[in-house]
file protein02.txt (compact mmCIF, C-alpha atoms and all ligand atoms)
# COMPACT_ATOMS: atom_id res chain seq x y z
CA MET A 6 0.00 0.00 0.00
CA LYS A 7 1.66 3.20 -1.17
CA ARG A 8 -0.87 5.92 -0.38
CA ILE A 9 -3.16 6.19 2.63
CA ALA A 10 -5.21 8.97 4.22
CA ILE A 11 -6.24 9.95 7.71
CA MET A 12 -9.16 11.98 9.09
CA THR A 13 -10.76 12.97 12.37
CA SER A 14 -14.55 12.90 12.56
CA GLY A 15 -17.34 13.61 15.07
CA GLY A 16 -16.59 15.47 18.30
CA ASP A 17 -12.96 16.50 18.74
CA ALA A 18 -11.01 14.90 21.59
CA PRO A 19 -7.68 15.79 23.23
CA GLY A 20 -5.03 13.44 21.85
CA MET A 21 -6.26 13.39 18.26
CA ASN A 22 -3.19 15.39 17.18
CA ALA A 23 -0.88 12.95 18.96
CA CYS A 24 -2.54 10.15 16.98
CA ILE A 25 -2.19 11.95 13.63
CA ARG A 26 1.46 12.70 14.44
CA ALA A 27 2.17 9.04 15.24
CA ALA A 28 0.44 7.81 12.09
CA VAL A 29 2.35 10.28 9.89
CA ARG A 30 5.65 9.22 11.42
CA ALA A 31 4.84 5.51 11.05
CA ALA A 32 3.66 5.87 7.45
CA LEU A 33 6.65 7.93 6.29
CA ALA A 34 9.07 5.54 8.01
CA ASP A 35 7.56 2.77 5.83
CA GLU A 36 7.69 4.97 2.72
CA ILE A 37 3.92 5.21 2.55
CA GLU A 38 2.51 8.54 1.43
CA ILE A 39 -0.08 9.86 3.88
CA LEU A 40 -2.74 12.44 3.09
CA GLY A 41 -4.73 14.46 5.59
CA ILE A 42 -8.46 14.90 4.97
CA ARG A 43 -9.88 18.09 6.46
CA ARG A 44 -13.27 18.29 8.27
CA GLY A 45 -13.98 14.55 8.38
CA PHE A 46 -16.39 12.97 5.90
CA ALA A 47 -17.68 16.42 4.88
CA GLY A 48 -14.16 17.36 3.71
CA LEU A 49 -13.69 14.00 1.99
CA ILE A 50 -16.80 14.60 -0.12
CA ARG A 51 -15.41 18.03 -1.08
CA ASP A 52 -11.91 16.71 -1.76
CA GLU A 53 -10.30 18.84 0.98
CA ILE A 54 -7.15 16.77 1.05
CA ARG A 55 -3.43 17.48 1.24
CA SER A 56 -0.23 15.58 1.74
CA LEU A 57 1.17 15.39 5.29
CA GLU A 58 4.90 15.63 6.00
CA ARG A 59 6.85 15.25 9.22
CA LYS A 60 7.12 19.02 9.60
CA ASP A 61 3.31 19.30 9.55
CA VAL A 62 3.05 17.28 12.75
CA ALA A 63 6.06 18.75 14.56
CA ASN A 64 5.21 20.37 17.91
CA THR A 65 1.64 19.13 17.90
CA ILE A 66 1.62 16.30 20.46
CA HIS A 67 0.61 18.64 23.29
CA HIS A 68 -2.14 20.49 21.40
CA GLY A 69 -5.83 19.81 22.00
CA GLY A 70 -8.41 19.84 19.20
CA THR A 71 -7.53 18.38 15.83
CA MET A 72 -5.23 19.97 13.28
CA LEU A 73 -7.33 18.35 10.52
CA GLY A 74 -10.58 19.84 11.75
CA THR A 75 -13.69 17.72 12.21
CA ALA A 76 -17.42 17.69 11.47
CA ARG A 77 -20.58 15.66 11.77
CA SER A 78 -21.65 15.10 8.16
CA SER A 79 -25.31 14.38 7.47
CA GLU A 80 -24.47 14.24 3.73
CA PHE A 81 -22.24 11.20 4.26
CA MET A 82 -25.17 9.33 5.85
CA SER A 83 -26.77 9.05 2.39
CA ARG A 84 -25.65 6.60 -0.29
CA GLU A 85 -25.22 9.53 -2.74
CA GLY A 86 -22.93 11.31 -0.28
CA ARG A 87 -20.83 8.19 0.17
CA ALA A 88 -20.70 7.66 -3.62
CA ARG A 89 -19.15 11.14 -3.95
CA ALA A 90 -16.66 10.27 -1.21
CA ILE A 91 -15.73 7.05 -3.00
CA GLU A 92 -15.15 8.98 -6.27
CA VAL A 93 -12.71 11.26 -4.44
CA LEU A 94 -10.88 8.31 -2.88
CA GLU A 95 -10.54 6.67 -6.31
CA LYS A 96 -9.44 9.89 -8.01
CA ARG A 97 -6.77 10.39 -5.34
CA GLY A 98 -5.60 6.77 -5.49
CA ILE A 99 -6.17 6.32 -1.75
CA LYS A 100 -6.07 2.61 -0.88
CA GLY A 101 -6.21 2.81 2.90
CA LEU A 102 -8.05 5.15 5.25
CA ILE A 103 -7.61 5.77 8.98
CA LEU A 104 -10.71 7.13 10.74
CA ILE A 105 -10.23 8.66 14.18
CA GLY A 106 -13.60 9.10 15.87
CA GLY A 107 -16.42 7.52 17.86
CA ASP A 108 -19.42 5.29 17.24
CA GLY A 109 -21.00 7.61 14.60
CA THR A 110 -17.74 7.73 12.65
CA PHE A 111 -17.42 3.95 12.70
CA ARG A 112 -21.00 3.50 11.59
CA GLY A 113 -20.15 5.59 8.49
CA GLY A 114 -16.83 3.75 8.18
CA THR A 115 -18.56 0.36 8.17
CA GLU A 116 -20.73 1.42 5.23
CA LEU A 117 -17.81 2.97 3.39
CA ALA A 118 -15.78 -0.23 3.82
CA GLU A 119 -18.66 -2.27 2.36
CA GLU A 120 -19.32 0.07 -0.56
CA SER A 121 -15.72 0.84 -1.60
CA GLY A 122 -12.65 -1.30 -2.07
CA VAL A 123 -10.71 0.93 0.32
CA HIS A 124 -9.14 -0.64 3.42
CA ILE A 125 -10.45 1.10 6.51
CA ILE A 126 -9.03 1.14 10.02
CA GLY A 127 -10.78 2.89 12.91
CA VAL A 128 -9.06 4.48 15.90
CA PRO A 129 -11.26 5.26 18.93
CA GLY A 130 -11.17 9.01 19.57
CA THR A 131 -14.00 10.45 21.67
CA ILE A 132 -14.19 11.84 25.18
CA ASP A 133 -17.26 9.65 25.86
CA ASN A 134 -15.37 6.31 26.04
CA ASP A 135 -18.53 4.60 24.78
CA VAL A 136 -16.86 2.58 22.04
CA TYR A 137 -16.91 -1.21 22.31
CA GLY A 138 -13.56 -2.93 21.70
CA THR A 139 -11.16 -0.78 23.69
CA ASP A 140 -10.68 -0.15 27.40
CA TYR A 141 -10.24 3.56 26.80
CA THR A 142 -10.79 5.95 23.93
CA ILE A 143 -8.43 8.81 23.08
CA GLY A 144 -9.60 11.94 24.94
CA PHE A 145 -11.48 10.24 27.76
CA ASP A 146 -8.70 10.62 30.33
CA SER A 147 -8.29 14.33 29.50
CA ALA A 148 -12.05 14.94 29.76
CA VAL A 149 -12.19 13.17 33.14
CA ASP A 150 -9.23 15.25 34.28
CA CYS A 151 -11.01 18.45 33.20
CA ALA A 152 -14.23 17.43 35.00
CA LEU A 153 -12.29 16.46 38.10
CA LYS A 154 -10.52 19.82 38.29
CA ALA A 155 -13.91 21.53 38.05
CA ILE A 156 -15.40 19.30 40.78
CA ASP A 157 -12.42 20.03 43.06
CA ARG A 158 -12.94 23.77 42.54
CA ILE A 159 -16.68 23.61 43.16
CA ARG A 160 -15.94 21.93 46.50
CA ASP A 161 -14.77 25.32 47.83
CA PRO A 162 -17.98 27.34 47.29
CA ALA A 163 -20.02 24.23 48.15
CA GLN A 164 -18.34 24.00 51.55
CA SER A 165 -18.11 27.73 52.24
CA HIS A 166 -21.80 28.27 51.50
CA GLU A 167 -22.99 24.86 52.74
CA ARG A 168 -24.66 24.25 49.41
CA LEU A 169 -25.68 21.44 47.13
CA PHE A 170 -24.13 21.57 43.64
CA PHE A 171 -25.01 19.62 40.53
CA VAL A 172 -22.08 19.31 38.12
CA GLU A 173 -23.20 18.17 34.67
CA VAL A 174 -20.59 16.41 32.57
CA MET A 175 -20.69 15.22 28.95
CA GLY A 176 -21.15 11.67 27.76
CA ARG A 177 -24.51 11.66 26.01
CA HIS A 178 -26.07 8.22 26.56
CA SER A 179 -23.13 6.87 28.57
CA GLY A 180 -21.93 7.56 32.10
CA PHE A 181 -18.20 6.86 31.77
CA ILE A 182 -17.09 10.46 32.41
CA ALA A 183 -19.61 10.91 35.23
CA LEU A 184 -18.61 7.66 36.94
CA GLU A 185 -14.85 8.22 36.87
CA SER A 186 -14.84 11.97 37.57
CA GLY A 187 -17.47 11.48 40.29
CA ILE A 188 -15.55 8.72 42.06
CA ALA A 189 -12.27 10.63 41.72
CA GLY A 190 -13.87 13.85 42.98
CA GLY A 191 -15.54 12.19 45.98
CA ALA A 192 -19.03 13.11 44.74
CA GLU A 193 -21.88 12.46 47.16
CA GLU A 194 -24.03 10.99 44.37
CA LEU A 195 -23.89 10.20 40.66
CA LEU A 196 -26.68 10.35 38.11
CA ILE A 197 -25.75 8.12 35.20
CA PRO A 198 -28.01 6.75 32.46
CA GLU A 199 -26.91 3.12 32.94
CA VAL A 200 -28.03 3.06 36.59
CA PRO A 201 -31.18 5.19 36.82
CA LEU A 202 -31.93 6.86 40.15
CA SER A 203 -35.26 8.59 40.74
CA VAL A 204 -35.44 12.12 42.14
CA ASP A 205 -37.11 10.64 45.26
CA GLU A 206 -34.22 8.23 45.77
CA LEU A 207 -31.73 11.04 45.23
CA CYS A 208 -33.59 13.22 47.75
CA SER A 209 -33.65 10.56 50.46
CA HIS A 210 -29.94 9.96 49.92
CA LEU A 211 -29.19 13.67 50.19
CA GLN A 212 -31.42 13.99 53.23
CA ARG A 213 -29.51 11.21 55.00
CA SER A 214 -26.25 12.96 54.12
CA PHE A 215 -27.42 16.34 55.43
CA GLN A 216 -28.86 14.79 58.61
CA GLY A 217 -25.39 13.40 59.29
CA GLU A 218 -22.21 15.45 59.24
CA LYS A 219 -22.52 16.83 55.73
CA ARG A 220 -23.30 20.48 55.17
CA SER A 221 -22.60 20.45 51.43
CA ALA A 222 -22.76 17.94 48.59
CA ILE A 223 -21.81 17.49 44.96
CA VAL A 224 -23.90 15.39 42.58
CA VAL A 225 -22.23 14.57 39.27
CA VAL A 226 -24.78 14.25 36.47
CA ALA A 227 -24.25 12.73 33.02
CA GLU A 228 -25.85 15.01 30.43
CA THR A 229 -27.85 12.20 28.67
CA GLU A 230 -29.65 13.08 25.43
CA GLU A 231 -30.75 16.43 26.83
CA PRO A 232 -27.84 18.63 27.87
CA GLY A 233 -28.91 20.95 30.69
CA HIS A 234 -31.34 18.45 32.25
CA SER A 235 -29.58 18.88 35.61
CA PHE A 236 -31.39 22.25 35.91
CA ASP A 237 -34.68 20.30 36.06
CA VAL A 238 -33.31 17.84 38.59
CA ALA A 239 -31.98 20.69 40.76
CA ARG A 240 -35.34 22.47 40.64
CA GLU A 241 -37.19 19.32 41.75
CA VAL A 242 -34.73 18.67 44.57
CA ARG A 243 -34.98 22.31 45.69
CA GLU A 244 -38.77 22.02 45.80
CA LYS A 245 -38.81 18.65 47.59
CA LEU A 246 -36.11 19.34 50.17
CA GLY A 247 -36.36 23.12 50.48
CA ILE A 248 -32.60 23.52 50.20
CA ASP A 249 -30.46 25.69 47.98
CA ALA A 250 -29.05 23.89 44.93
CA ARG A 251 -26.87 25.28 42.14
CA VAL A 252 -25.95 23.88 38.74
CA VAL A 253 -22.67 23.95 36.78
CA VAL A 254 -22.72 22.59 33.22
CA LEU A 255 -19.19 21.88 32.01
CA GLY A 256 -20.12 21.28 28.36
CA HIS A 257 -17.51 21.66 25.66
CA LEU A 258 -14.82 22.75 28.14
CA GLN A 259 -14.24 19.01 28.57
CA ARG A 260 -13.28 18.63 24.91
CA GLY A 261 -10.60 21.35 24.97
CA GLY A 262 -7.10 21.76 26.32
CA ALA A 263 -3.89 19.77 26.31
CA PRO A 264 -4.21 15.98 26.36
CA THR A 265 -3.05 14.13 29.48
CA ALA A 266 0.04 11.91 29.36
CA ARG A 267 -2.19 8.81 29.24
CA ASP A 268 -4.08 10.15 26.22
CA ARG A 269 -0.87 11.08 24.40
CA VAL A 270 0.60 7.62 24.96
CA LEU A 271 -2.61 5.81 23.96
CA ALA A 272 -3.01 8.02 20.88
CA SER A 273 0.61 7.48 19.83
CA LYS A 274 0.34 3.72 20.23
CA LEU A 275 -2.91 3.49 18.27
CA GLY A 276 -1.70 5.85 15.52
CA VAL A 277 1.30 3.63 14.79
CA ALA A 278 -0.82 0.47 15.12
CA ALA A 279 -3.37 1.78 12.61
CA VAL A 280 -0.71 2.32 9.93
CA ARG A 281 0.81 -1.10 10.63
CA ALA A 282 -2.64 -2.70 10.40
CA LEU A 283 -3.16 -1.16 6.94
CA ALA A 284 0.31 -2.24 5.83
CA ALA A 285 -0.49 -5.78 7.00
CA GLY A 286 -3.63 -5.82 4.84
CA LYS A 287 -6.19 -5.49 7.65
CA SER A 288 -9.46 -3.71 6.95
CA GLY A 289 -12.87 -3.07 8.53
CA VAL A 290 -11.53 -3.16 12.09
CA MET A 291 -10.90 -0.71 14.88
CA VAL A 292 -7.56 -0.87 16.61
CA GLY A 293 -7.92 -0.41 20.36
CA GLU A 294 -6.21 -1.34 23.60
CA THR A 295 -7.63 -4.09 25.78
CA ASN A 296 -5.83 -5.15 28.96
CA TRP A 297 -2.77 -3.19 27.79
CA ARG A 298 -2.56 -5.13 24.50
CA LEU A 299 -3.51 -3.99 21.02
CA SER A 300 -6.87 -5.39 19.99
CA TYR A 301 -8.71 -5.46 16.65
CA THR A 302 -12.52 -5.31 16.69
CA PRO A 303 -14.81 -5.48 13.63
CA LEU A 304 -15.98 -1.92 12.96
CA GLN A 305 -19.59 -3.03 13.14
CA ASP A 306 -19.18 -4.32 16.71
CA THR A 307 -17.76 -1.00 17.89
CA TRP A 308 -21.16 0.71 17.57
CA ASN A 309 -23.48 -2.31 17.59
CA LYS A 310 -22.32 -3.74 20.88
CA GLN A 311 -22.76 -1.99 24.19
CA LYS A 312 -19.64 -1.18 26.19
CA GLU A 313 -20.33 -1.75 29.86
CA LEU A 314 -19.26 0.54 32.68
CA ASN A 315 -16.68 -0.95 35.04
CA ALA A 316 -18.77 -3.39 37.13
CA GLU A 317 -16.39 -3.38 40.10
CA LEU A 318 -16.44 0.40 40.33
CA LEU A 319 -20.23 0.40 40.08
CA GLU A 320 -20.52 -2.14 42.88
CA MET A 321 -18.29 0.02 45.12
CA ARG A 322 -20.15 3.22 44.28
CA PRO A 323 -22.56 3.23 47.28
CA LEU A 324 -19.57 2.95 49.59
CA LEU A 325 -17.58 5.67 47.88
CA CYS A 326 -20.42 8.11 47.18
CA GLU A 327 -21.90 8.92 50.56
O1 LIG A 401 -19.46 12.66 21.53
C1 LIG A 401 -18.74 13.64 22.17
C2 LIG A 401 -19.66 14.71 22.72
O2 LIG A 401 -18.88 15.70 23.35
C3 LIG A 401 -20.75 14.22 23.67
O3 LIG A 401 -20.28 13.99 24.96
C4 LIG A 401 -21.75 15.32 23.57
O4 LIG A 401 -23.02 14.91 23.91
C5 LIG A 401 -21.67 15.70 22.11
O5 LIG A 401 -20.38 15.32 21.66
C6 LIG A 401 -21.88 17.16 21.82
O6 LIG A 401 -21.85 17.33 20.44
P1 LIG A 401 -21.69 18.73 19.71
O7 LIG A 401 -20.26 19.17 19.87
O8 LIG A 401 -22.05 18.43 18.31
O9 LIG A 401 -22.61 19.67 20.41
call {"tool": "encode", "arguments": {"input": "protein02.txt", "output": "structure tokens", "more": "lines below"}}
Ligand code: F6P
result
Amino acid sequence: MKRIAIMTSGGDAPGMNACIRAAVRAALADEIEILGIRRGFAGLIRDEIRSLERKDVANTIHHGGTMLGTARSSEFMSREGRARAIEVLEKRGIKGLILIGGDGTFRGGTELAEESGVHIIGVPGTIDNDVYGTDYTIGFDSAVDCALKAIDRIRDPAQSHERLFFVEVMGRHSGFIALESGIAGGAEELLIPEVPLSVDELCSHLQRSFQGEKRSAIVVVAETEEPGHSFDVAREVREKLGIDARVVVLGHLQRGGAPTARDRVLASKLGVAAVRALAAGKSGVMVGETNWRLSYTPLQDTWNKQKELNAELLEMRPLLCE
């Protein structure tokens, strides 16, 4: 394989640049030309493509965001959109494609792999960590770190004012960020989609806490499909318990900033592995890391199968969140 391409797609995640850098280095070392596609599938359809050299990825490992840009392309969801993308790939002579993204990206990648003769390798890059086939996704550790720093800071006004705070973190339909940042931040309670808790249950838990030694509390809330829903929860709790409750929504802050060391190392490892997988003739798989070893999962499984939260951590949660 003499010419491959790489793109980032979906929500950006800290560590994506480290992954691009590693892939460029690995490809050039094997005398494979590597092209960068701008703005994900949307840029592919519009032929926004240029060659990447070592100098293009110099001094980028510590930068957040993605130097290639990213997008969520509705056009690519249609067969016509993908047909245009395939024309561009053929015109450019691209035989292998590395997709860095999450479940939506891999859904598109699965279809592209079936409809084109191009070899496709996925690399998990999303702060949500909700991709089956890898212990961690690129960007998750940085997002948890960002949420944790915010929780630690909120502790001060929570304690000084003896208040209840709701801190809403990202993660859409998965509670990975909420679970890890909440446990690490010593949250008094977690609201995560995988383990539903009613407002009544939450209130009785908080009441028990406040009847004991606690004068303040932090509840970490996963955003779910409706970002900002913690405002509704806070209002209900305020009405039921008659206590002051404030809300902090972290939102896209969690997607920005420098990647953590763990994300840079994971991204570097997976970037090299993706190029090697293409060179070895692999296609239609996502390269991930499972139990510290490289793993290869059919692209279809990455979005079709549900990745479970850590069962041991969940079991310990009542002990740790009090
Ligand atoms: O998938 C990553 C993510 O940050 C989710 O946690 C969040 O729900 C979503 O993207 C937000 O998407 P957008 O940036 O398009 O608003």
call {"tool": "residues_near_ligand", "arguments": {"input": "protein02.txt", "ligand": "ligand LIG 401 (chain A)", "cutoff": "12 Å", "atoms": "all atoms listed in the file", "output": "number ranges by chain"}}
result
A: 14-19, 70, 75-78, 106-110, 129-136, 142-145, 148-149, 173-183, 227-233, 255-261
call {"tool": "axis_aligned_box", "arguments": {"input": "protein02.txt", "around": "stretch 212-216 of chain A", "padding_each_side": "3 Å", "output": "AutoDock Vina command-line options"}}
result
--center_x -28.8 --center_y 13.8 --center_z 55.9 --size_x 11.2 --size_y 11.1 --size_z 11.4
call {"tool": "closest_residue", "arguments": {"input": "protein02.txt", "among": "A:Gly101, A:Pro323, A:Pro264, A:Pro198", "to": "A:Thr65", "atoms": "only C-alpha atoms"}}
result
A:Pro264
call {"tool": "atom_distance", "arguments": {"input": "protein02.txt", "atom1": "atom CA of A:Leu283", "atom2": "atom CA of A:Ile42"}}
result
17.0 Å
call {"tool": "atom_distance", "arguments": {"input": "protein02.txt", "atom1": "atom CA of A:Thr71", "atom2": "atom CA of A:Gly286"}}
result
26.9 Å
call {"tool": "residues_around", "arguments": {"input": "protein02.txt", "residues": "A:Glu53", "least_positions_apart": "2", "cutoff": "8 Å", "atoms": "only C-alpha atoms", "output": "number ranges by chain"}}
result
A: 42-44, 48-51, 55
call {"tool": "residues_around", "arguments": {"input": "protein02.txt", "residues": "stretch 88-90 of chain A", "least_positions_apart": "2", "cutoff": "10 Å", "atoms": "only C-alpha atoms", "output": "list of chain:residue names"}}
result
A:Phe46, A:Ala47, A:Gly48, A:Leu49, A:Ile50, A:Arg51, A:Asp52, A:Glu80, A:Phe81, A:Ser83, A:Arg84, A:Glu85, A:Gly86, A:Glu92, A:Val93, A:Leu94, A:Glu95, A:Lys96, A:Leu117, A:Glu120, A:Ser121
call {"tool": "closest_residue", "arguments": {"input": "protein02.txt", "among": "A:Asp268, A:Glu36, A:Phe111, A:Ile223", "to": "A:Tyr137", "atoms": "all atoms listed in the file"}}
result
A:Phe111
call {"tool": "residues_around", "arguments": {"input": "protein02.txt", "residues": "A:His210", "least_positions_apart": "4", "cutoff": "12 Å", "atoms": "all atoms listed in the file", "output": "PyMOL selection string"}}
result
chain A and resi 193-195+202-206+214-217+219+222+224+242+246+323+326-327
call {"tool": "write_last_selection", "arguments": {"input": "protein02.txt", "atoms": "C-alpha atoms", "output": "tab-separated table (two decimals), keeping the file's coordinate frame"}}
result
chain	number	residue	atom	x	y	z
A	193	GLU	CA	-21.88	12.46	47.16
A	194	GLU	CA	-24.03	10.99	44.37
A	195	LEU	CA	-23.89	10.20	40.66
A	202	LEU	CA	-31.93	6.86	40.15
A	203	SER	CA	-35.26	8.59	40.74
A	204	VAL	CA	-35.44	12.12	42.14
A	205	ASP	CA	-37.11	10.64	45.26
A	206	GLU	CA	-34.22	8.23	45.77
A	214	SER	CA	-26.25	12.96	54.12
A	215	PHE	CA	-27.42	16.34	55.43
A	216	GLN	CA	-28.86	14.79	58.61
A	217	GLY	CA	-25.39	13.40	59.29
A	219	LYS	CA	-22.52	16.83	55.73
A	222	ALA	CA	-22.76	17.94	48.59
A	224	VAL	CA	-23.90	15.39	42.58
A	242	VAL	CA	-34.73	18.67	44.57
A	246	LEU	CA	-36.11	19.34	50.17
A	323	PRO	CA	-22.56	3.23	47.28
A	326	CYS	CA	-20.42	8.11	47.18
A	327	GLU	CA	-21.90	8.92	50.56
call {"tool": "build_atoms", "arguments": {"input": "protein02.txt", "residues": "stretch 282-296 of chain A", "atoms": "N, CA and C atoms", "output": "CSV table (one decimal), in the frame of the given file"}}
result
chain,number,residue,atom,x,y,z
A,282,ALA,N,-1.5,-1.8,10.7
A,282,ALA,CA,-2.6,-2.7,10.4
A,282,ALA,C,-2.9,-2.6,8.9
A,283,LEU,N,-2.9,-1.3,8.4
A,283,LEU,CA,-3.2,-1.2,6.9
A,283,LEU,C,-2.1,-1.8,6.1
A,284,ALA,N,-0.8,-1.6,6.6
A,284,ALA,CA,0.3,-2.2,5.8
A,284,ALA,C,0.2,-3.8,5.8
A,285,ALA,N,-0.4,-4.3,6.9
A,285,ALA,CA,-0.5,-5.8,7.0
A,285,ALA,C,-1.7,-6.3,6.3
A,286,GLY,N,-2.5,-5.4,5.6
A,286,GLY,CA,-3.6,-5.8,4.8
A,286,GLY,C,-4.9,-5.9,5.6
A,287,LYS,N,-4.9,-5.4,6.9
A,287,LYS,CA,-6.2,-5.5,7.6
A,287,LYS,C,-7.2,-4.4,7.1
A,288,SER,N,-8.4,-4.7,7.3
A,288,SER,CA,-9.5,-3.7,7.0
A,288,SER,C,-10.8,-4.0,7.7
A,289,GLY,N,-11.6,-2.9,7.9
A,289,GLY,CA,-12.9,-3.1,8.5
A,289,GLY,C,-12.8,-3.4,10.0
A,290,VAL,N,-11.7,-2.9,10.6
A,290,VAL,CA,-11.5,-3.2,12.1
A,290,VAL,C,-11.1,-1.9,12.8
A,291,MET,N,-11.4,-1.8,14.1
A,291,MET,CA,-10.9,-0.7,14.9
A,291,MET,C,-9.7,-1.2,15.7
A,292,VAL,N,-8.7,-0.5,15.7
A,292,VAL,CA,-7.6,-0.9,16.6
A,292,VAL,C,-7.8,-0.2,18.0
A,293,GLY,N,-7.7,-1.0,19.0
A,293,GLY,CA,-7.9,-0.4,20.4
A,293,GLY,C,-6.9,-1.0,21.3
A,294,GLU,N,-7.1,-0.7,22.6
A,294,GLU,CA,-6.2,-1.3,23.6
A,294,GLU,C,-7.1,-2.0,24.6
A,295,THR,N,-6.9,-3.3,24.8
A,295,THR,CA,-7.6,-4.1,25.8
A,295,THR,C,-6.7,-4.8,26.7
A,296,ASN,N,-6.8,-4.6,28.0
A,296,ASN,CA,-5.8,-5.2,29.0
A,296,ASN,C,-4.4,-4.9,28.6
